[in-house]
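Report on the structure given below.
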Amino acid sequence: MRRTSFAHWPCSIARTMDLLGDWWTPLVLREAFYGIRRFDAFQVSLGIARNTLTDRLRRLVDEGLLEKRPYQTEPVRYDYVLTEKGRDFYGVLLVMNRWGDRWLSGEEGPPVVMHHEVCGQEAHAEVVCSSCGEQMTAENTSPRMGPGYPPHLAERPDVRERFVG
């Protein structure tokens, strides 16, 4: 059965999930942030099947989150290095980590804590408004149609109802 593509949906969440595709992709990115760069190291660290890892790395390279850099010529072997687009995904992982720490950690506490090098403290991600710095929550934030929303959908009553405000 083929998976439905969300790549062209008028929703950045759907488009991001289309890029991620499954649970392995964010874990491959997590390992890249932990400093893993080589295929065998990803494979050992994640315990992922080689063919699955090959597919995920290819997808991340094709989408511009990772870049292949040769480190050996005979045979050719590559480091997988985060690009600017890939490094920008770090905030997504931090927010996922925060949610998991809050709702899925046992009594023993979170399995990994984040150390903010700038201030020297343990910290967690907060989603704040880029204009005023206040925390953004479901109670104080509402979606609005952006300039990229397809005009043919924007006219539909059921769609317009979603963006009332």
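By order of appearance in the structure tokens: chains A, B, ..., then residues from 1 within every chain, and ligands from 1 in the order shown.
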Check: Which parts of segment 20-127 of chain A does DSSP call strand (DSSP E) when run on the backbone here, written out as a VMD selection string?
Finding: chain A and resid 66 to 73 76 to 82 114 to 116 121 to 123
Check: Could you pull the residues within 10 Å of Met114 of chain A, counting only C-alpha atoms, minus those fewer than 2 positions along the same chain, as an NGL selection string?
Finding: :A and (94 or 97-98 or 112 or 116-117 or 121-125)
Note to self: Can you pull out the residues contacting segment 15-19 of chain A? Cut-off 9 Å, using only C-alpha atoms, and skip same-chain residues under 3 positions away; I want them as a PyMOL selection string.
What the structure shows: chain A and resi 4-12+22+25+59-60+63
Margin query: Which residues are near segment 140-151 of chain A? Cut-off 9 Å, only C-alpha atoms, ignore same chain within fewer than 5 positions. Put them as a list in words.
Written below: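 In the requested format, the answer is Pro10, Cys11, Gln135, Arg160, Arg162, Phe163, Val164 and Gly165 of chain A.
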Could you tell me, as a PDB file with N, CA and C atoms, in the first residue's frame, which residues of chain A DSSP assigns to helix (DSSP H, G or I) when given the backbone?
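Output file states.pdb is given in full below:
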ATOM      1  N   SER A  12       2.352  23.410   7.037  1.00  0.00           N
ATOM      2  CA  SER A  12       3.767  23.114   7.279  1.00  0.00           C
ATOM      3  C   SER A  12       3.968  21.897   8.165  1.00  0.00           C
ATOM      4  N   ILE A  13       3.010  21.592   9.035  1.00  0.00           N
ATOM      5  CA  ILE A  13       3.116  20.383   9.856  1.00  0.00           C
ATOM      6  C   ILE A  13       3.008  19.153   8.957  1.00  0.00           C
ATOM      7  N   ALA A  14       2.025  19.143   8.062  1.00  0.00           N
ATOM      8  CA  ALA A  14       1.850  18.017   7.142  1.00  0.00           C
ATOM      9  C   ALA A  14       3.071  17.861   6.238  1.00  0.00           C
ATOM     10  N   ARG A  15       3.598  18.961   5.732  1.00  0.00           N
ATOM     11  CA  ARG A  15       4.770  18.898   4.861  1.00  0.00           C
ATOM     12  C   ARG A  15       5.993  18.370   5.612  1.00  0.00           C
ATOM     13  N   THR A  16       6.146  18.779   6.864  1.00  0.00           N
ATOM     14  CA  THR A  16       7.260  18.291   7.676  1.00  0.00           C
ATOM     15  C   THR A  16       7.113  16.800   7.934  1.00  0.00           C
ATOM     16  N   MET A  17       5.902  16.356   8.254  1.00  0.00           N
ATOM     17  CA  MET A  17       5.678  14.932   8.481  1.00  0.00           C
ATOM     18  C   MET A  17       5.904  14.133   7.201  1.00  0.00           C
ATOM     19  N   ASP A  18       5.573  14.710   6.060  1.00  0.00           N
ATOM     20  CA  ASP A  18       5.843  14.033   4.798  1.00  0.00           C
ATOM     21  C   ASP A  18       7.346  13.841   4.613  1.00  0.00           C
ATOM     22  N   LEU A  19       8.115  14.856   4.953  1.00  0.00           N
ATOM     23  CA  LEU A  19       9.574  14.757   4.852  1.00  0.00           C
ATOM     24  C   LEU A  19      10.105  13.714   5.833  1.00  0.00           C
ATOM     25  N   LEU A  20       9.601  13.730   7.051  1.00  0.00           N
ATOM     26  CA  LEU A  20      10.089  12.790   8.062  1.00  0.00           C
ATOM     27  C   LEU A  20       9.712  11.360   7.709  1.00  0.00           C
ATOM     28  N   TRP A  24      12.087   6.659  12.181  1.00  0.00           N
ATOM     29  CA  TRP A  24      13.544   6.563  12.073  1.00  0.00           C
ATOM     30  C   TRP A  24      14.192   7.887  11.697  1.00  0.00           C
ATOM     31  N   THR A  25      13.534   8.676  10.866  1.00  0.00           N
ATOM     32  CA  THR A  25      14.158   9.898  10.356  1.00  0.00           C
ATOM     33  C   THR A  25      14.522  10.877  11.466  1.00  0.00           C
ATOM     34  N   PRO A  26      13.617  11.210  12.395  1.00  0.00           N
ATOM     35  CA  PRO A  26      14.045  12.104  13.476  1.00  0.00           C
ATOM     36  C   PRO A  26      15.129  11.502  14.356  1.00  0.00           C
ATOM     37  N   LEU A  27      15.139  10.174  14.488  1.00  0.00           N
ATOM     38  CA  LEU A  27      16.177   9.538  15.290  1.00  0.00           C
ATOM     39  C   LEU A  27      17.530   9.600  14.585  1.00  0.00           C
ATOM     40  N   VAL A  28      17.537   9.484  13.267  1.00  0.00           N
ATOM     41  CA  VAL A  28      18.785   9.665  12.515  1.00  0.00           C
ATOM     42  C   VAL A  28      19.284  11.093  12.714  1.00  0.00           C
ATOM     43  N   LEU A  29      18.388  12.059  12.649  1.00  0.00           N
ATOM     44  CA  LEU A  29      18.780  13.459  12.874  1.00  0.00           C
ATOM     45  C   LEU A  29      19.288  13.660  14.301  1.00  0.00           C
ATOM     46  N   ARG A  30      18.629  13.046  15.267  1.00  0.00           N
ATOM     47  CA  ARG A  30      19.096  13.141  16.657  1.00  0.00           C
ATOM     48  C   ARG A  30      20.531  12.657  16.771  1.00  0.00           C
ATOM     49  N   GLU A  31      20.818  11.521  16.152  1.00  0.00           N
ATOM     50  CA  GLU A  31      22.171  10.982  16.206  1.00  0.00           C
ATOM     51  C   GLU A  31      23.169  11.929  15.535  1.00  0.00           C
ATOM     52  N   ALA A  32      22.753  12.571  14.459  1.00  0.00           N
ATOM     53  CA  ALA A  32      23.633  13.550  13.795  1.00  0.00           C
ATOM     54  C   ALA A  32      23.944  14.697  14.756  1.00  0.00           C
ATOM     55  N   PHE A  33      22.958  15.139  15.537  1.00  0.00           N
ATOM     56  CA  PHE A  33      23.216  16.187  16.534  1.00  0.00           C
ATOM     57  C   PHE A  33      24.099  15.677  17.670  1.00  0.00           C
ATOM     58  N   PHE A  39      28.023   6.105   8.395  1.00  0.00           N
ATOM     59  CA  PHE A  39      26.964   5.117   8.222  1.00  0.00           C
ATOM     60  C   PHE A  39      27.007   4.043   9.301  1.00  0.00           C
ATOM     61  N   ASP A  40      28.163   3.418   9.467  1.00  0.00           N
ATOM     62  CA  ASP A  40      28.264   2.323  10.434  1.00  0.00           C
ATOM     63  C   ASP A  40      27.966   2.784  11.855  1.00  0.00           C
ATOM     64  N   ALA A  41      28.364   3.991  12.184  1.00  0.00           N
ATOM     65  CA  ALA A  41      28.089   4.517  13.526  1.00  0.00           C
ATOM     66  C   ALA A  41      26.588   4.758  13.718  1.00  0.00           C
ATOM     67  N   PHE A  42      25.897   5.283  12.695  1.00  0.00           N
ATOM     68  CA  PHE A  42      24.431   5.423  12.775  1.00  0.00           C
ATOM     69  C   PHE A  42      23.797   4.047  12.976  1.00  0.00           C
ATOM     70  N   GLN A  43      24.264   3.081  12.195  1.00  0.00           N
ATOM     71  CA  GLN A  43      23.676   1.749  12.212  1.00  0.00           C
ATOM     72  C   GLN A  43      23.836   1.094  13.577  1.00  0.00           C
ATOM     73  N   VAL A  44      25.015   1.181  14.142  1.00  0.00           N
ATOM     74  CA  VAL A  44      25.268   0.584  15.455  1.00  0.00           C
ATOM     75  C   VAL A  44      24.490   1.317  16.539  1.00  0.00           C
ATOM     76  N   SER A  45      24.517   2.644  16.505  1.00  0.00           N
ATOM     77  CA  SER A  45      23.869   3.439  17.543  1.00  0.00           C
ATOM     78  C   SER A  45      22.355   3.221  17.583  1.00  0.00           C
ATOM     79  N   LEU A  46      21.747   3.127  16.418  1.00  0.00           N
ATOM     80  CA  LEU A  46      20.294   2.997  16.346  1.00  0.00           C
ATOM     81  C   LEU A  46      19.809   1.549  16.287  1.00  0.00           C
ATOM     82  N   ARG A  50      20.300  -1.913   7.737  1.00  0.00           N
ATOM     83  CA  ARG A  50      21.145  -1.156   6.794  1.00  0.00           C
ATOM     84  C   ARG A  50      20.334  -0.573   5.641  1.00  0.00           C
ATOM     85  N   ASN A  51      19.401  -1.345   5.086  1.00  0.00           N
ATOM     86  CA  ASN A  51      18.606  -0.826   3.968  1.00  0.00           C
ATOM     87  C   ASN A  51      17.704   0.317   4.412  1.00  0.00           C
ATOM     88  N   THR A  52      17.167   0.240   5.614  1.00  0.00           N
ATOM     89  CA  THR A  52      16.327   1.320   6.137  1.00  0.00           C
ATOM     90  C   THR A  52      17.169   2.570   6.352  1.00  0.00           C
ATOM     91  N   LEU A  53      18.347   2.399   6.936  1.00  0.00           N
ATOM     92  CA  LEU A  53      19.236   3.541   7.155  1.00  0.00           C
ATOM     93  C   LEU A  53      19.653   4.164   5.830  1.00  0.00           C
ATOM     94  N   THR A  54      19.973   3.342   4.853  1.00  0.00           N
ATOM     95  CA  THR A  54      20.342   3.858   3.529  1.00  0.00           C
ATOM     96  C   THR A  54      19.225   4.729   2.975  1.00  0.00           C
ATOM     97  N   ASP A  55      17.989   4.253   3.077  1.00  0.00           N
ATOM     98  CA  ASP A  55      16.839   5.029   2.582  1.00  0.00           C
ATOM     99  C   ASP A  55      16.687   6.346   3.332  1.00  0.00           C
ATOM    100  N   ARG A  56      16.827   6.319   4.664  1.00  0.00           N
ATOM    101  CA  ARG A  56      16.632   7.542   5.457  1.00  0.00           C
ATOM    102  C   ARG A  56      17.739   8.555   5.189  1.00  0.00           C
ATOM    103  N   LEU A  57      18.977   8.078   5.112  1.00  0.00           N
ATOM    104  CA  LEU A  57      20.081   8.993   4.826  1.00  0.00           C
ATOM    105  C   LEU A  57      19.938   9.592   3.429  1.00  0.00           C
ATOM    106  N   ARG A  58      19.560   8.787   2.461  1.00  0.00           N
ATOM    107  CA  ARG A  58      19.358   9.289   1.099  1.00  0.00           C
ATOM    108  C   ARG A  58      18.273  10.377   1.091  1.00  0.00           C
ATOM    109  N   ARG A  59      17.199  10.125   1.788  1.00  0.00           N
ATOM    110  CA  ARG A  59      16.100  11.093   1.844  1.00  0.00           C
ATOM    111  C   ARG A  59      16.567  12.407   2.496  1.00  0.00           C
ATOM    112  N   LEU A  60      17.302  12.307   3.589  1.00  0.00           N
ATOM    113  CA  LEU A  60      17.784  13.508   4.280  1.00  0.00           C
ATOM    114  C   LEU A  60      18.791  14.276   3.431  1.00  0.00           C
ATOM    115  N   VAL A  61      19.590  13.581   2.656  1.00  0.00           N
ATOM    116  CA  VAL A  61      20.517  14.247   1.729  1.00  0.00           C
ATOM    117  C   VAL A  61      19.721  14.898   0.599  1.00  0.00           C
ATOM    118  N   ASP A  62      18.789  14.150   0.007  1.00  0.00           N
ATOM    119  CA  ASP A  62      17.982  14.690  -1.094  1.00  0.00           C
ATOM    120  C   ASP A  62      17.191  15.928  -0.673  1.00  0.00           C
ATOM    121  N   GLU A  84      22.682  23.720   7.072  1.00  0.00           N
ATOM    122  CA  GLU A  84      21.944  24.763   7.801  1.00  0.00           C
ATOM    123  C   GLU A  84      20.490  24.338   7.990  1.00  0.00           C
ATOM    124  N   LYS A  85      19.886  23.796   6.940  1.00  0.00           N
ATOM    125  CA  LYS A  85      18.498  23.320   7.030  1.00  0.00           C
ATOM    126  C   LYS A  85      18.386  22.218   8.077  1.00  0.00           C
ATOM    127  N   GLY A  86      19.340  21.316   8.117  1.00  0.00           N
ATOM    128  CA  GLY A  86      19.339  20.249   9.108  1.00  0.00           C
ATOM    129  C   GLY A  86      19.532  20.769  10.523  1.00  0.00           C
ATOM    130  N   ARG A  87      20.483  21.683  10.702  1.00  0.00           N
ATOM    131  CA  ARG A  87      20.732  22.261  12.038  1.00  0.00           C
ATOM    132  C   ARG A  87      19.510  23.017  12.543  1.00  0.00           C
ATOM    133  N   TYR A  90      16.922  21.338  14.920  1.00  0.00           N
ATOM    134  CA  TYR A  90      17.238  21.071  16.324  1.00  0.00           C
ATOM    135  C   TYR A  90      16.128  21.536  17.263  1.00  0.00           C
ATOM    136  N   GLY A  91      15.556  22.684  17.007  1.00  0.00           N
ATOM    137  CA  GLY A  91      14.477  23.181  17.858  1.00  0.00           C
ATOM    138  C   GLY A  91      13.290  22.239  17.898  1.00  0.00           C
ATOM    139  N   VAL A  92      12.983  21.600  16.772  1.00  0.00           N
ATOM    140  CA  VAL A  92      11.890  20.628  16.719  1.00  0.00           C
ATOM    141  C   VAL A  92      12.201  19.463  17.655  1.00  0.00           C
ATOM    142  N   LEU A  93      13.423  18.964  17.579  1.00  0.00           N
ATOM    143  CA  LEU A  93      13.810  17.855  18.455  1.00  0.00           C
ATOM    144  C   LEU A  93      13.783  18.264  19.928  1.00  0.00           C
ATOM    145  N   LEU A  94      14.210  19.500  20.214  1.00  0.00           N
ATOM    146  CA  LEU A  94      14.172  19.972  21.606  1.00  0.00           C
ATOM    147  C   LEU A  94      12.749  20.028  22.149  1.00  0.00           C
ATOM    148  N   VAL A  95      11.820  20.483  21.342  1.00  0.00           N
ATOM    149  CA  VAL A  95      10.426  20.569  21.782  1.00  0.00           C
ATOM    150  C   VAL A  95       9.849  19.164  21.952  1.00  0.00           C
ATOM    151  N   MET A  96      10.180  18.245  21.048  1.00  0.00           N
ATOM    152  CA  MET A  96       9.728  16.861  21.208  1.00  0.00           C
ATOM    153  C   MET A  96      10.310  16.263  22.488  1.00  0.00           C
ATOM    154  N   ASN A  97      11.574  16.541  22.752  1.00  0.00           N
ATOM    155  CA  ASN A  97      12.229  16.053  23.962  1.00  0.00           C
ATOM    156  C   ASN A  97      11.533  16.605  25.209  1.00  0.00           C
ATOM    157  N   ARG A  98      11.213  17.874  25.196  1.00  0.00           N
ATOM    158  CA  ARG A  98      10.536  18.495  26.346  1.00  0.00           C
ATOM    159  C   ARG A  98       9.200  17.827  26.608  1.00  0.00           C
ATOM    160  N   TRP A  99       8.425  17.620  25.550  1.00  0.00           N
ATOM    161  CA  TRP A  99       7.113  16.994  25.705  1.00  0.00           C
ATOM    162  C   TRP A  99       7.280  15.582  26.262  1.00  0.00           C
ATOM    163  N   GLY A 100       8.223  14.818  25.699  1.00  0.00           N
ATOM    164  CA  GLY A 100       8.467  13.463  26.185  1.00  0.00           C
ATOM    165  C   GLY A 100       8.918  13.434  27.637  1.00  0.00           C
ATOM    166  N   ASP A 101       9.770  14.405  28.016  1.00  0.00           N
ATOM    167  CA  ASP A 101      10.203  14.486  29.417  1.00  0.00           C
ATOM    168  C   ASP A 101       9.012  14.720  30.340  1.00  0.00           C
ATOM    169  N   ARG A 102       8.110  15.585  29.920  1.00  0.00           N
ATOM    170  CA  ARG A 102       6.967  15.928  30.770  1.00  0.00           C
ATOM    171  C   ARG A 102       5.959  14.788  30.874  1.00  0.00           C
ATOM    172  N   TRP A 103       5.671  14.139  29.753  1.00  0.00           N
ATOM    173  CA  TRP A 103       4.555  13.214  29.733  1.00  0.00           C
ATOM    174  C   TRP A 103       4.940  11.738  29.669  1.00  0.00           C
ATOM    175  N   LEU A 104       6.172  11.420  29.341  1.00  0.00           N
ATOM    176  CA  LEU A 104       6.537  10.017  29.157  1.00  0.00           C
ATOM    177  C   LEU A 104       7.663   9.537  30.068  1.00  0.00           C
ATOM    178  N   PRO A 151      -5.453  29.931  -2.849  1.00  0.00           N
ATOM    179  CA  PRO A 151      -6.700  30.713  -2.965  1.00  0.00           C
ATOM    180  C   PRO A 151      -7.943  29.851  -3.192  1.00  0.00           C
ATOM    181  N   HIS A 152      -7.821  28.761  -3.949  1.00  0.00           N
ATOM    182  CA  HIS A 152      -9.002  27.938  -4.222  1.00  0.00           C
ATOM    183  C   HIS A 152      -9.511  27.236  -2.964  1.00  0.00           C
ATOM    184  N   LEU A 153      -8.641  27.008  -1.995  1.00  0.00           N
ATOM    185  CA  LEU A 153      -9.072  26.422  -0.727  1.00  0.00           C
ATOM    186  C   LEU A 153      -9.548  27.490   0.249  1.00  0.00           C
ATOM    187  N   ALA A 154      -8.966  28.662   0.172  1.00  0.00           N
ATOM    188  CA  ALA A 154      -9.293  29.751   1.104  1.00  0.00           C
ATOM    189  C   ALA A 154     -10.747  30.184   0.996  1.00  0.00           C
ATOM    190  N   PRO A 157     -16.029  27.411   2.734  1.00  0.00           N
ATOM    191  CA  PRO A 157     -16.553  27.755   4.073  1.00  0.00           C
ATOM    192  C   PRO A 157     -15.934  26.920   5.193  1.00  0.00           C
ATOM    193  N   ASP A 158     -15.734  25.620   4.978  1.00  0.00           N
ATOM    194  CA  ASP A 158     -15.180  24.776   6.035  1.00  0.00           C
ATOM    195  C   ASP A 158     -13.740  25.168   6.358  1.00  0.00           C
ATOM    196  N   VAL A 159     -13.004  25.626   5.355  1.00  0.00           N
ATOM    197  CA  VAL A 159     -11.637  26.072   5.571  1.00  0.00           C
ATOM    198  C   VAL A 159     -11.618  27.429   6.257  1.00  0.00           C
ATOM    199  N   ARG A 160     -12.442  28.339   5.798  1.00  0.00           N
ATOM    200  CA  ARG A 160     -12.503  29.684   6.395  1.00  0.00           C
ATOM    201  C   ARG A 160     -12.892  29.620   7.867  1.00  0.00           C
ATOM    202  N   GLU A 161     -13.786  28.662   8.205  1.00  0.00           N
ATOM    203  CA  GLU A 161     -14.218  28.483   9.592  1.00  0.00           C
ATOM    204  C   GLU A 161     -13.024  28.139  10.501  1.00  0.00           C
ATOM    205  N   ARG A 162     -12.082  27.384   9.983  1.00  0.00           N
ATOM    206  CA  ARG A 162     -10.899  26.974  10.737  1.00  0.00           C
ATOM    207  C   ARG A 162     -10.027  28.173  11.116  1.00  0.00           C
TER     208      ARG A 162
END
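Note that the spacing between atom CA of Arg3 of chain A and atom CA of Arg156 of chain A amounts to 26.3 Å.
Coordinates place atom CA of Gly35 of chain A at a distance of 14.5 Å from atom CA of Lys68 of chain A.
Take atom CA of Val81 of chain A and atom CA of Ile36 of chain A: the distance between them is 8.7 Å.
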